[in-house]
Each structure stands twice: as structure tokens, then as C-alpha cells.
Amino acid sequence: MSSTVLIMGAAGRLGFCLTRAFANAGWQVIAQARKDLPAELLGHKGVRHLACDALDRNALLAGAQGASVVINALNPPYTQWHQLLLPLADAAQATAKSLGALLMLPGNVYNFGRDLPSVLSTHTPERANTSKADLRIEMEARMAAEPSLDSVVLRAGDFFGGPGRGSWFDLALVSKLNSDRFIYPGPLDQTHAWAYLPDLAECFVRVAEKREVLSGHHRLHFAGHSMEAQVLQKALEQVWSQPLKAGNLPWFLIRLGSPFVASWRAIAEMRYLWQRPHRLDDRELRQLIGEPPHTPLLQAVQDSLQALGINTPTRPATKEALA
Ligand SMILES: NC(=O)c1ccc[n+]([C@@H]2O[C@H](COP(=O)([O-])OP(=O)(O)OC[C@H]3O[C@@H](n4cnc5c(N)ncnc54)[C@H](OP(=O)(O)O)[C@@H]3O)[C@@H](O)[C@H]2O)c1
């Protein structure tokens, strides 16, 4: 079986980390992206840019010959999910099927609906009681229902630590770091599931390397860094060398603007995820690959700030930050 992977959405947050991780592991990477790839990826000898629209099935198939794994790392803006999520997923699925390749999808926790329990296992019932849960359930059901396709959903929590902006980590948590503030969208004492992207990307490589034993449809959970906001705040304080004043996201403003701003409406729908503690149970993943990659939190936070271009101070940490 070839060690060639087609990564759809290679210039995205996860796509970038996947491209780098597979190339570093010695794979040939066909990196689909409509725009130019970041220079760091283009400079890698194992990476070839496939410049085409992710809906262009002919171009995908012609450009991805020889791939034994296809990863759907595409993500239309929230406001276009209803028009594009399923057509993009269908294009990835049709490409994998035609190539006889393993299809991999980064799943999220939306499938469990707004009443999600605190521990999410691969057997936790799904509940289509939000519009996004509905779409994600349908997307995965189509993968599972395709008899001649091998597929894996690797489910993870909120991303942090990749290139580019647009995640909760940069839009909220560290958005006011320069004024020594930590902005959190929910109560500080509830566990939230986070996925440090370089770890998740490495995990995709390790699962893909088990390709030969992955026939049929599989669901795996990546536990990542599950932690209370206070733990993350403490780690940021250590890296920032200053105590941080915690503040809440101004949800009332987002709610007020929701009737007029579609993206705010889409964000407001996700508030429940910050009000219900949850973490992912990764037992099946451990059975398959052993101990999953796990960068220590301080290192992950330090690297995440660096990836966002936020320079951490060289001043010595205050006693309060280290307490
Ligand atoms: N973000 C999270 O916290 C999180 C957590 C768990 C799972 N996931 C899942 O992981 C996957 C990747 O997420 P991400 O945050 O890494 O994605 P992202 O960076 O937001 O986007 C990935 C790529 O999707 C492509 N894309 C966007 N709009 C498109 C459109 N209209 N038509 C075609 N392609 C389009 C873009 O490729 P071009 O370069 O071609 O523009 C973009 O680089 C998604 O399925 C997401 O639901 C995300």
C-alpha cells in the first residue's frame, strides 16, 4: 500500500499541521488548496500542491492518483455550512472511493447535541438537536453507510496551536493578553475538551499507518488536553509571566447582534459547549496506536502563542504567575 495521502484543505488550520506531520513522517503528500500553500509547506520535498476547488471531483481524482489515504480537512465558514458541508464531504468521499483509499475525517463534539454528557465515548448517543449536530451526524452517517469504503472519524475538541486565526483560543482566550486579561466563554471551573493541533496531526499519521487493519467504518476519540479554564489560565500566566484577570465573553452583545449578523448567530448557537463540562474518552484510539501524542501543556501554550505571532515576554515571571 502506498504511503501517499491526499489532504483536502491543506492550507487550513488542521490541514497545515497534517501536511507537515505526514511529510515529516516520510509520506508523499498531495496538498489540495485553492490558494497558494504556505512557504513552509511548499519548501518540503514530500509535498505537492494540488491547486483545485474541493468540489471539482475530476481534478481531485486526476491529481490524487496513487493516494491510499484521503483526509477531509475542509471547513466552510459557519454561515455556509448548510450549503457546502455535505457537498464538500461527498466530494471527499467519492474521491476516496474511486481511489480505493481510506477516508479520514476530523470529527467534532457537535454530534452529541446541546445536552452532551460529561464523558463522550464512541458509544455516546448522538442527538440532532442543533442545526450543526444535524449536519455532522449526516456527514458521518454517509461515510458509515458506504459499503465499499474504509473510513475513520477521529473526533477531537476545540483546536488550538495551529497557524492562522479564527479559533476560540485566539478569538477569545488570548484576544486581550496584551492587557493581561484572559477571556473565557463560560464558567472557569468546567472541563472543556481541547485538541493541540500538532498532537492531533501526529495522531492522524499514526492511525493512517494502521491502514491495513482498518476495514469498514471506525470512530476514534482523541482526548487531547481536557481541562478546566483555570488550568489553562494558570498555564497562560506562566508563559506570559504575569497574572491574568479573567473576564467573560460578552455573550449579551453576541445575542443582541445575532438577528443582524449571521456569523454571530452561528456562534451563539454553540454557547452550550461552554456551559456543559465534557471530555473525550480515547480508549479505542489507545488500543489502536498505544499512547497518543501529548505535548505538555506549558509547551503547547507557548508554541500556540508563537504560532499566532504573539511574543511572550522575556521578563521574569512574577511570584503570582508562578504560584
Ligand atoms: N476548529 C475546531 O476547533 C475543530 C474541532 C474539531 C473538528 N474540527 C473539524 O476539522 C475540520 C477542519 O477544521 P479547520 O478549523 O482546520 O478548518 P479551516 O482552517 O477553517 O478551513 C480549512 C480549509 O477549508 C477550505 N474551505 C473553506 N471554505 C471553503 C469553501 N467554501 N469551499 C471549499 N473549501 C473551503 C479552505 O481551503 P482553501 O485553502 O482552498 O481556501 C480552508 O483552508 C472541519 O471538519 C472541522 O469541523 C474543527
# chains A, B, ... in the order shown; residues from 1 in each chain; ligands from 1
>>> closest_atom_pairs(of="chain A", to="ligand 1", cutoff="9 Å", atoms="only C-alpha atoms and all ligand atoms", output="Markdown table")
| residue | atom | partner | partner_atom_place_in_ligand_line | distance |
| --- | --- | --- | --- | --- |
| A:Met8 | CA | ligand 1 | 23 (C) | 7.5 |
| A:Gly9 | CA | ligand 1 | 23 (C) | 4.1 |
| A:Ala10 | CA | ligand 1 | 43 (O) | 6.3 |
| A:Ala11 | CA | ligand 1 | 43 (O) | 4.5 |
| A:Gly12 | CA | ligand 1 | 43 (O) | 3.3 |
| A:Arg13 | CA | ligand 1 | 16 (O) | 3.8 |
| A:Leu14 | CA | ligand 1 | 16 (O) | 3.7 |
| A:Gly15 | CA | ligand 1 | 16 (O) | 5.8 |
| A:Phe16 | CA | ligand 1 | 16 (O) | 7.9 |
| A:Cys17 | CA | ligand 1 | 16 (O) | 8.7 |
| A:Gln32 | CA | ligand 1 | 40 (O) | 7.1 |
| A:Ala33 | CA | ligand 1 | 40 (O) | 3.9 |
| A:Arg34 | CA | ligand 1 | 40 (O) | 3.6 |
| A:Lys35 | CA | ligand 1 | 39 (O) | 5.2 |
| A:Asp36 | CA | ligand 1 | 39 (O) | 7.5 |
| A:Leu37 | CA | ligand 1 | 39 (O) | 7.6 |
| A:Ala51 | CA | ligand 1 | 40 (O) | 8.1 |
| A:Cys52 | CA | ligand 1 | 40 (O) | 7.7 |
| A:Asp53 | CA | ligand 1 | 33 (C) | 6.3 |
| A:Ala54 | CA | ligand 1 | 33 (C) | 5.2 |
| A:Leu55 | CA | ligand 1 | 33 (C) | 6.9 |
| A:Asn72 | CA | ligand 1 | 45 (O) | 6.9 |
| A:Ala73 | CA | ligand 1 | 12 (C) | 4.3 |
| A:Leu74 | CA | ligand 1 | 24 (O) | 3.5 |
| A:Asn75 | CA | ligand 1 | 24 (O) | 3.9 |
| A:Pro76 | CA | ligand 1 | 28 (N) | 3.4 |
| A:Pro77 | CA | ligand 1 | 28 (N) | 5.7 |
| A:Gln80 | CA | ligand 1 | 31 (N) | 7.1 |
| A:Trp81 | CA | ligand 1 | 31 (N) | 8.7 |
| A:Gln83 | CA | ligand 1 | 31 (N) | 9.0 |
| A:Leu84 | CA | ligand 1 | 31 (N) | 6.5 |
| A:Leu85 | CA | ligand 1 | 45 (O) | 8.3 |
| A:Leu88 | CA | ligand 1 | 33 (C) | 6.9 |
| A:Ala89 | CA | ligand 1 | 45 (O) | 8.9 |
| A:Leu105 | CA | ligand 1 | 45 (O) | 6.8 |
| A:Pro106 | CA | ligand 1 | 10 (O) | 4.7 |
| A:Gly107 | CA | ligand 1 | 7 (C) | 4.9 |
| A:Asn108 | CA | ligand 1 | 6 (C) | 4.0 |
| A:Val109 | CA | ligand 1 | 6 (C) | 7.1 |
| A:Tyr110 | CA | ligand 1 | 6 (C) | 8.8 |
| A:Arg136 | CA | ligand 1 | 47 (O) | 8.3 |
| A:Leu154 | CA | ligand 1 | 7 (C) | 8.6 |
| A:Arg155 | CA | ligand 1 | 6 (C) | 6.5 |
| A:Ala156 | CA | ligand 1 | 6 (C) | 4.9 |
| A:Gly157 | CA | ligand 1 | 5 (C) | 5.1 |
| A:Asp158 | CA | ligand 1 | 3 (O) | 3.5 |
| A:Phe159 | CA | ligand 1 | 3 (O) | 3.8 |
| A:Phe160 | CA | ligand 1 | 3 (O) | 7.1 |
| A:Gly162 | CA | ligand 1 | 16 (O) | 8.2 |
| A:Pro163 | CA | ligand 1 | 19 (O) | 8.5 |
| A:Gly164 | CA | ligand 1 | 19 (O) | 7.6 |
| A:Arg165 | CA | ligand 1 | 19 (O) | 8.3 |
| A:Gly166 | CA | ligand 1 | 20 (O) | 7.3 |
| A:Ser167 | CA | ligand 1 | 1 (N) | 6.0 |
| A:Trp168 | CA | ligand 1 | 3 (O) | 7.4 |
| A:Phe169 | CA | ligand 1 | 3 (O) | 8.9 |
| A:Trp194 | CA | ligand 1 | 3 (O) | 7.8 |
| A:Ala195 | CA | ligand 1 | 5 (C) | 7.4 |
| A:Leu197 | CA | ligand 1 | 16 (O) | 8.7 |
>>> select_by_dssp(residues="stretch 32-231 of chain A", states="strand (DSSP E)", output="NGL selection string")
:A and (32 or 47-50 or 69-72 or 102-107 or 119-120 or 151-155 or 158-160 or 181-184 or 191-196 or 217-221 or 225-228)
>>> select_by_dssp(residues="stretch 230-263 of chain A", states="helix (DSSP H, G or I)", output="list in words")
Gln230, Val231, Leu232, Gln233, Lys234, Ala235, Leu236, Glu237, Gln238, Val239, Trp240, Trp251, Phe252, Leu253, Ile254, Arg255, Leu256, Gly257, Ala262 and Ser263 of chain A
>>> atom_distance(atom1="atom CA of A:His49", atom2="atom CA of A:Ala31")
4.8 Å
>>> atom_distance(atom1="atom CA of A:Ser131", atom2="atom CA of A:Gly113")
9.2 Å
>>> closest_residue(among="A:Arg127, A:Arg265, A:Lys210, A:Arg271", to="A:Pro185", atoms="only C-alpha atoms")
A:Arg271
>>> closest_residue(among="A:Leu116, A:Ala235, A:Ala223, A:Ala145", to="A:Glu291", atoms="only C-alpha atoms")
A:Ala223
>>> atom_distance(atom1="atom CA of A:Leu297", atom2="atom CA of A:Ala23")
24.8 Å
>>> closest_residue(among="A:Val5, A:Leu18, A:Ala266, A:Leu188", to="A:Glu228", atoms="only C-alpha atoms")
A:Leu188
>>> closest_residue(among="A:Val213, A:Trp251, A:Leu171, A:Arg279", to="A:Thr191", atoms="only C-alpha atoms")
A:Arg279
>>> residues_around(residues="stretch 283-287 of chain A", least_positions_apart="3", cutoff="8 Å", atoms="only C-alpha atoms", output="list in words")
Leu220, His221, Phe222, Gly290, Glu291 and Pro292 of chain A
>>> residues_around(residues="stretch 60-64 of chain A", least_positions_apart="2", cutoff="8 Å", atoms="only C-alpha atoms", output="MDAnalysis selection string")
chainID A and resid 6 30 50 52 54 56:58 66:67 95 98:99
>>> closest_residue(among="A:Arg211, A:Lys245, A:Arg114, A:His225", to="A:Ile183", atoms="only C-alpha atoms")
A:Lys245
>>> closest_residue(among="A:Leu102, A:Leu280, A:Leu288, A:Leu244", to="A:Met1", atoms="only C-alpha atoms")
A:Leu102
